[in-house]
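So this one's my_file24.txt, compact mmCIF, C-alpha atoms:
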```
# COMPACT_ATOMS: atom_id res chain seq x y z
CA MET A 1 57.03 8.58 -25.24
CA ARG A 2 55.81 5.50 -23.38
CA GLU A 3 55.88 7.47 -20.11
CA ALA A 4 53.79 10.23 -21.71
CA ARG A 5 51.20 7.70 -22.87
CA GLN A 6 51.05 6.10 -19.43
CA ASP A 7 50.63 9.55 -17.90
CA ILE A 8 47.69 10.23 -20.23
CA LYS A 9 46.14 6.87 -19.29
CA VAL A 10 46.52 7.63 -15.59
CA LYS A 11 44.89 11.05 -16.06
CA LYS A 12 41.99 9.52 -18.00
CA TYR A 13 41.58 6.86 -15.31
CA SER A 14 41.60 9.51 -12.59
CA ILE A 15 39.01 11.61 -14.42
CA GLY A 16 36.81 8.56 -14.95
CA LEU A 17 37.13 7.63 -11.27
CA MET A 18 36.15 11.14 -10.22
CA ILE A 19 33.10 11.11 -12.53
CA GLY A 20 32.07 7.73 -11.16
CA LEU A 21 32.48 8.93 -7.57
CA PHE A 22 30.44 12.07 -8.31
CA ALA A 23 27.64 9.97 -9.84
CA PHE A 24 27.67 7.71 -6.78
CA LEU A 25 27.45 10.66 -4.41
CA MET A 26 24.55 12.10 -6.39
CA LEU A 27 22.71 8.83 -5.82
CA ILE A 28 23.25 8.62 -2.08
CA LEU A 29 23.03 12.30 -1.11
CA PRO A 30 19.63 13.99 -0.58
CA VAL A 31 18.35 15.58 -3.75
CA ARG A 32 17.10 19.16 -3.76
CA VAL A 33 13.65 18.39 -5.11
CA GLN A 34 11.95 15.87 -2.89
CA ALA A 35 9.33 14.79 -5.39
CA ALA A 36 8.95 11.38 -3.78
CA TYR A 37 7.85 12.89 -0.49
CA ARG A 38 4.27 11.99 0.34
CA VAL A 39 2.23 12.86 3.41
CA GLN A 40 0.30 9.76 4.39
CA ILE A 41 -1.06 7.55 7.13
CA ASN A 42 1.22 4.61 7.88
CA GLU A 43 -0.41 1.21 7.40
CA SER A 44 0.76 0.29 10.90
CA ASP A 45 -1.69 2.93 12.19
CA TYR A 46 -4.69 1.63 10.24
CA ASP A 47 -6.12 -0.24 13.23
CA SER A 48 -6.27 3.00 15.23
CA PHE A 49 -8.10 4.78 12.42
CA ARG A 50 -10.53 1.88 11.97
CA ALA A 51 -11.61 2.60 15.54
CA VAL A 52 -12.78 6.07 14.42
CA PHE A 53 -14.35 4.93 11.15
CA ASN A 54 -17.92 3.89 10.44
CA ALA A 55 -18.52 2.93 6.81
CA GLU A 56 -22.25 3.65 6.94
CA TYR A 57 -21.68 7.13 8.36
CA TYR A 58 -18.88 7.88 5.89
CA TYR A 59 -21.01 6.77 2.96
CA ASN A 60 -24.08 8.76 3.99
CA ASP A 61 -22.10 11.89 4.87
CA ASN A 62 -20.21 12.09 1.57
CA ALA A 63 -22.48 12.28 -1.43
CA ASP A 64 -19.53 12.56 -3.82
CA LEU A 65 -18.36 9.09 -2.79
CA GLN A 66 -21.71 7.37 -3.14
CA GLU A 67 -21.51 7.29 -6.92
CA ALA A 68 -17.71 7.13 -7.19
CA ILE A 69 -17.21 4.26 -4.73
CA GLY A 70 -20.59 2.93 -3.69
CA PHE A 71 -21.09 1.13 -0.40
CA ASP A 72 -17.89 -0.86 -0.26
CA GLU A 73 -16.60 -0.75 3.32
CA GLU A 74 -12.95 -1.42 2.51
CA LYS A 75 -12.81 1.03 -0.40
CA LEU A 76 -14.46 3.69 1.72
CA PHE A 77 -11.92 3.12 4.48
CA GLN A 78 -9.05 3.31 2.00
CA HIS A 79 -10.42 6.64 0.76
CA PHE A 80 -10.69 7.81 4.37
CA VAL A 81 -7.04 7.09 5.27
CA THR A 82 -5.52 8.20 1.96
CA CYS A 83 -7.65 11.26 1.13
CA GLY A 84 -10.57 11.94 3.44
CA ILE A 85 -8.54 12.56 6.60
CA PHE A 86 -6.48 15.25 4.86
CA GLU A 87 -9.57 16.85 3.34
CA GLY A 88 -11.00 17.36 6.85
CA ARG A 89 -13.56 14.55 6.60
CA SER A 90 -14.62 12.66 9.69
CA GLY A 91 -14.88 8.89 9.61
CA ASP A 92 -17.56 8.57 12.27
CA GLY A 93 -19.00 12.03 12.93
CA ILE A 94 -17.17 12.20 16.25
CA PHE A 95 -13.43 12.39 15.51
CA CYS A 96 -11.77 14.60 12.90
CA LEU A 97 -7.97 14.42 12.72
CA HIS A 98 -7.79 17.91 11.23
CA THR A 99 -9.57 19.36 14.27
CA TYR A 100 -7.69 17.28 16.84
CA MET A 101 -4.30 18.32 15.47
CA LYS A 102 -4.97 21.93 16.40
CA TYR A 103 -4.06 21.33 20.04
CA GLU A 104 -0.67 23.00 20.53
CA ASP A 105 0.48 20.54 23.20
CA LEU A 106 -0.23 17.64 20.82
CA GLN A 107 1.54 19.41 17.94
CA ALA A 108 4.62 19.80 20.12
CA ALA A 109 4.49 16.16 21.20
CA PHE A 110 3.61 14.43 17.92
CA GLY A 111 4.52 16.78 15.04
CA GLY A 112 3.54 15.00 11.81
CA ASP A 113 2.89 11.56 13.39
CA TYR A 114 -0.78 11.23 12.47
CA GLY A 115 -1.26 7.87 14.13
CA ALA A 116 -0.11 9.31 17.46
CA TYR A 117 -2.94 11.88 17.41
CA CYS A 118 -5.50 9.17 16.80
CA ARG A 119 -4.10 6.91 19.51
CA HIS A 120 -4.00 9.82 21.96
CA TYR A 121 -7.66 10.58 21.27
CA LEU A 122 -8.69 6.95 21.80
CA GLU A 123 -6.64 6.52 24.99
CA TYR A 124 -6.81 9.95 26.60
CA GLY A 125 -8.68 12.53 24.53
CA LYS A 126 -12.13 11.09 25.13
CA ILE A 127 -11.55 10.97 28.90
CA GLU A 128 -10.16 14.51 28.89
CA ASN A 129 -13.22 15.70 26.92
CA ARG A 130 -11.03 17.21 24.22
CA ILE A 131 -12.83 18.66 21.21
CA ALA A 132 -12.32 16.30 18.28
CA MET A 133 -14.88 17.71 15.85
CA THR A 134 -16.42 21.15 15.47
CA GLY A 135 -18.96 20.60 12.71
CA ASN A 136 -17.28 22.77 10.06
CA GLU A 137 -14.14 20.78 9.35
CA ARG A 138 -14.31 21.27 5.60
CA THR A 139 -14.33 25.05 5.64
CA GLU A 140 -10.53 24.99 5.79
CA ILE A 141 -8.09 22.47 4.39
CA GLY A 142 -5.08 23.09 6.62
CA GLU A 143 -4.15 25.70 9.20
CA PHE A 144 -1.26 26.44 11.55
CA THR A 145 -0.43 29.28 13.93
CA THR A 146 2.90 30.46 15.35
CA LEU A 147 3.90 33.36 17.57
CA TYR A 148 6.49 36.10 17.03
CA ASP A 149 7.77 39.07 19.05
CA THR A 150 6.52 42.36 17.60
CA SER A 151 9.24 44.29 19.46
CA GLU A 152 11.96 42.60 17.43
CA GLN A 153 13.06 44.03 14.08
CA ARG A 154 12.48 40.66 12.37
CA ALA A 155 8.74 41.25 12.86
CA VAL A 156 8.91 43.65 9.90
CA ASN A 157 10.07 40.80 7.66
CA VAL A 158 7.53 38.34 9.08
CA GLU A 159 4.63 40.69 8.44
CA LEU A 160 5.87 41.76 5.00
CA ALA A 161 6.34 38.17 3.80
CA ALA A 162 2.94 37.26 5.23
CA GLN A 163 1.35 40.14 3.35
CA ARG A 164 2.89 39.02 0.05
CA VAL A 165 1.80 35.39 0.42
CA ASN A 166 -1.70 36.29 1.61
CA GLY A 167 -4.43 35.86 -0.98
CA THR A 168 -2.43 33.65 -3.34
CA VAL A 169 -4.85 31.52 -5.37
CA LEU A 170 -3.72 28.21 -6.85
CA GLN A 171 -5.70 26.32 -9.44
CA PRO A 172 -5.56 22.49 -9.49
CA GLY A 173 -2.07 21.48 -10.61
CA GLU A 174 -0.66 25.01 -10.24
CA LYS A 175 2.80 25.41 -8.69
CA PHE A 176 3.75 27.67 -5.79
CA SER A 177 7.21 29.07 -4.99
CA PHE A 178 7.72 30.91 -1.71
CA ASN A 179 10.84 32.64 -3.06
CA LYS A 180 9.05 34.09 -6.06
CA THR A 181 6.04 35.13 -4.03
CA VAL A 182 7.84 37.09 -1.31
CA LEU A 183 10.29 38.71 -3.80
CA PRO A 184 14.08 39.05 -3.31
CA ARG A 185 15.07 40.04 0.22
CA THR A 186 16.43 43.53 -0.39
CA ARG A 187 15.98 46.88 1.26
CA ALA A 188 14.33 48.10 -1.95
CA ASN A 189 11.63 45.47 -1.43
CA GLY A 190 11.05 46.61 2.14
CA TYR A 191 13.04 44.01 4.06
CA VAL A 192 15.27 44.84 7.03
CA LEU A 193 18.04 43.13 8.97
CA GLY A 194 17.02 40.16 11.08
CA PRO A 195 18.53 37.00 12.57
CA SER A 196 19.07 34.01 10.27
CA PHE A 197 21.21 30.87 10.16
CA ALA A 198 24.34 30.46 8.08
CA GLY A 199 27.12 27.91 8.46
CA GLY A 200 25.54 26.46 11.59
CA ARG A 201 25.44 29.77 13.46
CA GLU A 202 23.14 32.75 13.85
CA VAL A 203 23.91 35.82 11.75
CA GLU A 204 22.17 39.03 10.71
CA SER A 205 20.87 39.25 7.15
CA ILE A 206 18.38 41.26 5.14
CA GLY A 207 15.04 39.45 5.37
CA GLY A 208 15.90 37.40 8.45
CA GLY A 209 12.64 36.09 9.91
CA ILE A 210 10.78 35.20 6.70
CA CYS A 211 11.49 31.53 7.43
CA GLN A 212 8.86 31.69 10.16
CA VAL A 213 6.30 32.39 7.44
CA SER A 214 7.60 29.61 5.19
CA SER A 215 7.67 27.19 8.14
CA THR A 216 4.14 28.08 9.23
CA LEU A 217 3.01 27.57 5.63
CA TYR A 218 4.80 24.20 5.49
CA ALA A 219 3.10 23.14 8.73
CA SER A 220 -0.28 24.04 7.22
CA LEU A 221 0.60 21.95 4.15
CA ILE A 222 1.24 19.00 6.45
CA MET A 223 -2.14 19.56 8.07
CA ALA A 224 -3.76 19.63 4.63
CA GLY A 225 -1.93 16.54 3.37
CA ILE A 226 -0.38 18.46 0.49
CA PRO A 227 3.24 17.34 -0.08
CA ALA A 228 6.05 19.81 -0.65
CA THR A 229 8.03 19.29 -3.86
CA GLU A 230 10.96 21.22 -2.36
CA ARG A 231 11.67 21.87 1.29
CA TYR A 232 14.77 22.18 3.50
CA ALA A 233 15.20 21.98 7.27
CA HIS A 234 17.15 24.67 9.14
CA SER A 235 20.76 23.98 10.12
CA LEU A 236 19.82 24.80 13.73
CA PRO A 237 16.59 24.17 15.71
CA VAL A 238 13.83 26.80 15.59
CA ASP A 239 11.38 27.41 18.43
CA TYR A 240 8.23 28.42 16.57
CA VAL A 241 7.22 25.05 15.02
CA PRO A 242 7.65 21.43 16.18
CA HIS A 243 10.75 19.57 15.04
CA GLY A 244 10.48 18.46 11.43
CA MET A 245 7.87 21.05 10.49
CA ASP A 246 10.22 23.91 9.58
CA ALA A 247 11.17 25.13 6.09
CA THR A 248 14.21 27.33 5.59
CA ILE A 249 14.66 29.81 2.73
CA ALA A 250 18.07 30.92 1.44
CA GLY A 251 18.51 33.18 -1.57
CA ASN A 252 17.48 31.30 -4.69
CA SER A 253 19.16 28.06 -3.61
CA LYS A 254 16.65 26.94 -0.98
CA ASP A 255 12.93 27.34 -1.52
CA LEU A 256 9.58 25.99 -0.34
CA LYS A 257 7.58 24.71 -3.28
CA PHE A 258 4.43 22.70 -3.70
CA VAL A 259 1.69 21.92 -6.21
CA ASN A 260 -2.03 22.17 -5.53
CA THR A 261 -2.84 18.47 -5.66
CA LEU A 262 -6.52 19.02 -4.87
CA PRO A 263 -9.21 18.88 -7.57
CA TYR A 264 -10.36 22.44 -6.81
CA PRO A 265 -8.77 25.90 -6.42
CA ILE A 266 -7.34 26.88 -3.04
CA VAL A 267 -6.34 30.20 -1.51
CA ILE A 268 -3.53 30.84 0.96
CA ASN A 269 -4.85 33.13 3.68
CA VAL A 270 -2.19 34.63 5.95
CA THR A 271 -2.58 37.00 8.89
CA ALA A 272 0.26 38.45 10.97
CA LYS A 273 -0.90 40.81 13.68
CA ASP A 274 -0.08 41.44 17.33
CA GLY A 275 2.51 38.67 17.33
CA VAL A 276 0.21 35.97 15.97
CA LEU A 277 0.97 34.47 12.54
CA THR A 278 -1.66 32.17 11.01
CA VAL A 279 -1.55 30.45 7.63
CA SER A 280 -4.73 28.81 6.40
CA LEU A 281 -5.30 26.89 3.18
CA ASP A 282 -8.94 27.23 2.15
CA PRO A 283 -11.14 26.26 -0.80
CA TYR A 284 -11.33 29.23 -3.19
CA GLU A 285 -14.60 30.46 -4.57
CA ALA A 286 -14.48 33.37 -7.01
CA GLY A 287 -17.06 35.94 -6.22
```

What is this structure when it is put down as structure tokens?
Amino acid sequence: MREARQDIKVKKYSIGLMIGLFAFLMLILPVRVQAAYRVQINESDYDSFRAVFNAEYYYNDNADLQEAIGFDEEKLFQHFVTCGIFEGRSGDGIFCLHTYMKYEDLQAAFGGDYGAYCRHYLEYGKIENRIAMTGNERTEIGEFTTLYDTSEQRAVNVELAAQRVNGTVLQPGEKFSFNKTVLPRTRANGYVLGPSFAGGREVESIGGGICQVSSTLYASLIMAGIPATERYAHSLPVDYVPHGMDATIAGNSKDLKFVNTLPYPIVINVTAKDGVLTVSLDPYEAG
């Protein structure tokens, strides 16, 4: 009888230990929803951005800030590095991060390191006469372009997913799910076989290739300064976006999600034609 009781105690102890270990692992392992993720300028890069900021210009060029902030140089700068940069605003009328990040060679070199773009402009861009402002920076919030091979079967999936995402309008605070928008990857929904990753190797699956659309969308979110609430990296490197700017999709278990954090409606414009895939996030005006 005593042995039976001891056996029960050991089993209870083992179960408790397993529960405790599971709870510990849940704390240290990456969670699926990365709600804490925030696209931002690092404070260590502030000095670089002060070099492309003029408080008087920023105040005069942004009527919405004149009443909300007034002429307070430090508050205006804080708005510039936390919001204005990602809204496509220029700090001095000469340099716009949103415009400068469109250079493909800089995207490949710097990815989402915003300070690196600014430092490159100050040290090299000016001398190289690179375009750092076009005059219509606010017409789009974030944009990214990738290339695909139209001769490959996966192109069918790329173009179909692009078509289904195109024109999606999000009101302030509205949520977006890539999975729901592009529909289940089945033959009935028009998808075909294409290469995808599974278990650390390349395989063929229905819908293979749609991750290029989700990754291009994620890259445009980075450009716009809109954080993803759920995003996963591929198990293997991809060649269509810089490292760290990809977003894999897998069944219903892995999705790309985000919330429109801007105070106005936006529309996701997507084009996929002749091997060029472009995702642009733009202000939406009903008309």

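For the pair CA of Gly167 in chain A and CA of Pro195 in chain A, the separation is 26.7 Å.
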
### Nearby residues (only C-alpha atoms) at most 9 Å from Asp45 in chain A, same-chain spacing under 5 positions excluded, as a ChimeraX atom specification
/A:50,114-116,118-119

### Task
Give me, please, the distance in Å between CA of Gly244 in chain A and CA of Asn157 in chain A, quoted to one decimal.
22.7 Å

### Message
as an MDAnalysis selection string, please: the residues near range 258-268 of chain A (cut-off 9 Å, all atoms listed in the file, same-chain neighbours under 4 positions excluded).
### Response
chainID A and resid 141 165:177 217 221 226:231 279:285

### Task
Take CA of Leu147 in chain A and CA of Gly275 in chain A and report the distance between them in Å, one decimal.
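Pair CA of Leu147 in chain A / CA of Gly275 in chain A returns 5.5 Å.
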
### Task
List the neighbours of Ile206 in chain A out to 7 Å using only C-alpha atoms; skip same-chain residues closer than 5 positions along the sequence, and give me the result as number ranges by chain.
A: 185-186, 191-194

Contacts of Cys96 in chain A within 12 Å, all atoms listed in the file, excl. fewer than 5 positions in-chain, as a compact mmCIF listing (two decimals) with C-alpha atoms, in the coordinates of the input:
```txt
# COMPACT_ATOMS: atom_id res chain seq x y z
CA PHE A 49 -8.10 4.78 12.42
CA VAL A 52 -12.78 6.07 14.42
CA PHE A 53 -14.35 4.93 11.15
CA PHE A 80 -10.69 7.81 4.37
CA VAL A 81 -7.04 7.09 5.27
CA GLY A 84 -10.57 11.94 3.44
CA ILE A 85 -8.54 12.56 6.60
CA PHE A 86 -6.48 15.25 4.86
CA GLU A 87 -9.57 16.85 3.34
CA GLY A 88 -11.00 17.36 6.85
CA ARG A 89 -13.56 14.55 6.60
CA SER A 90 -14.62 12.66 9.69
CA GLY A 91 -14.88 8.89 9.61
CA MET A 101 -4.30 18.32 15.47
CA LYS A 102 -4.97 21.93 16.40
CA TYR A 114 -0.78 11.23 12.47
CA TYR A 117 -2.94 11.88 17.41
CA CYS A 118 -5.50 9.17 16.80
CA TYR A 121 -7.66 10.58 21.27
CA ARG A 130 -11.03 17.21 24.22
CA ILE A 131 -12.83 18.66 21.21
CA ALA A 132 -12.32 16.30 18.28
CA MET A 133 -14.88 17.71 15.85
CA THR A 134 -16.42 21.15 15.47
CA GLY A 135 -18.96 20.60 12.71
CA ASN A 136 -17.28 22.77 10.06
CA GLU A 137 -14.14 20.78 9.35
CA ARG A 138 -14.31 21.27 5.60
CA MET A 223 -2.14 19.56 8.07
```

### Query
Which residues come within 9 Å of Glu159 in chain A, counting only C-alpha atoms, excluding same-chain residues fewer than 4 positions away, as a ChimeraX atom specification?
/A:154-155,163-164,210,213,271-273,277

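With only C-alpha atoms as the atoms that count, the minimum distance from Thr82 in chain A to the choices A:Phe110, A:Tyr59, A:Tyr46, A:Tyr100 is reached by A:Tyr46.
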
### Query
Of the residues A:Tyr124, A:Phe144, A:Tyr232, A:Phe95, which is the one nearest to Gly111 in chain A, using only C-alpha atoms?
A:Phe144

## Note on the structure
Closest of A:Thr181, A:Glu152, A:Pro237, A:Leu122 to Lys257 in chain A, counting all atoms listed in the file, is A:Thr181

### Task
Could you tell me which of A:Gln40, A:Thr145, A:Ser214, A:Gln107 comes closest to Ala162 in chain A if we count only C-alpha atoms?
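Of A:Gln40, A:Thr145, A:Ser214, A:Gln107, the one nearest Ala162 in chain A is A:Ser214, counting only C-alpha atoms.
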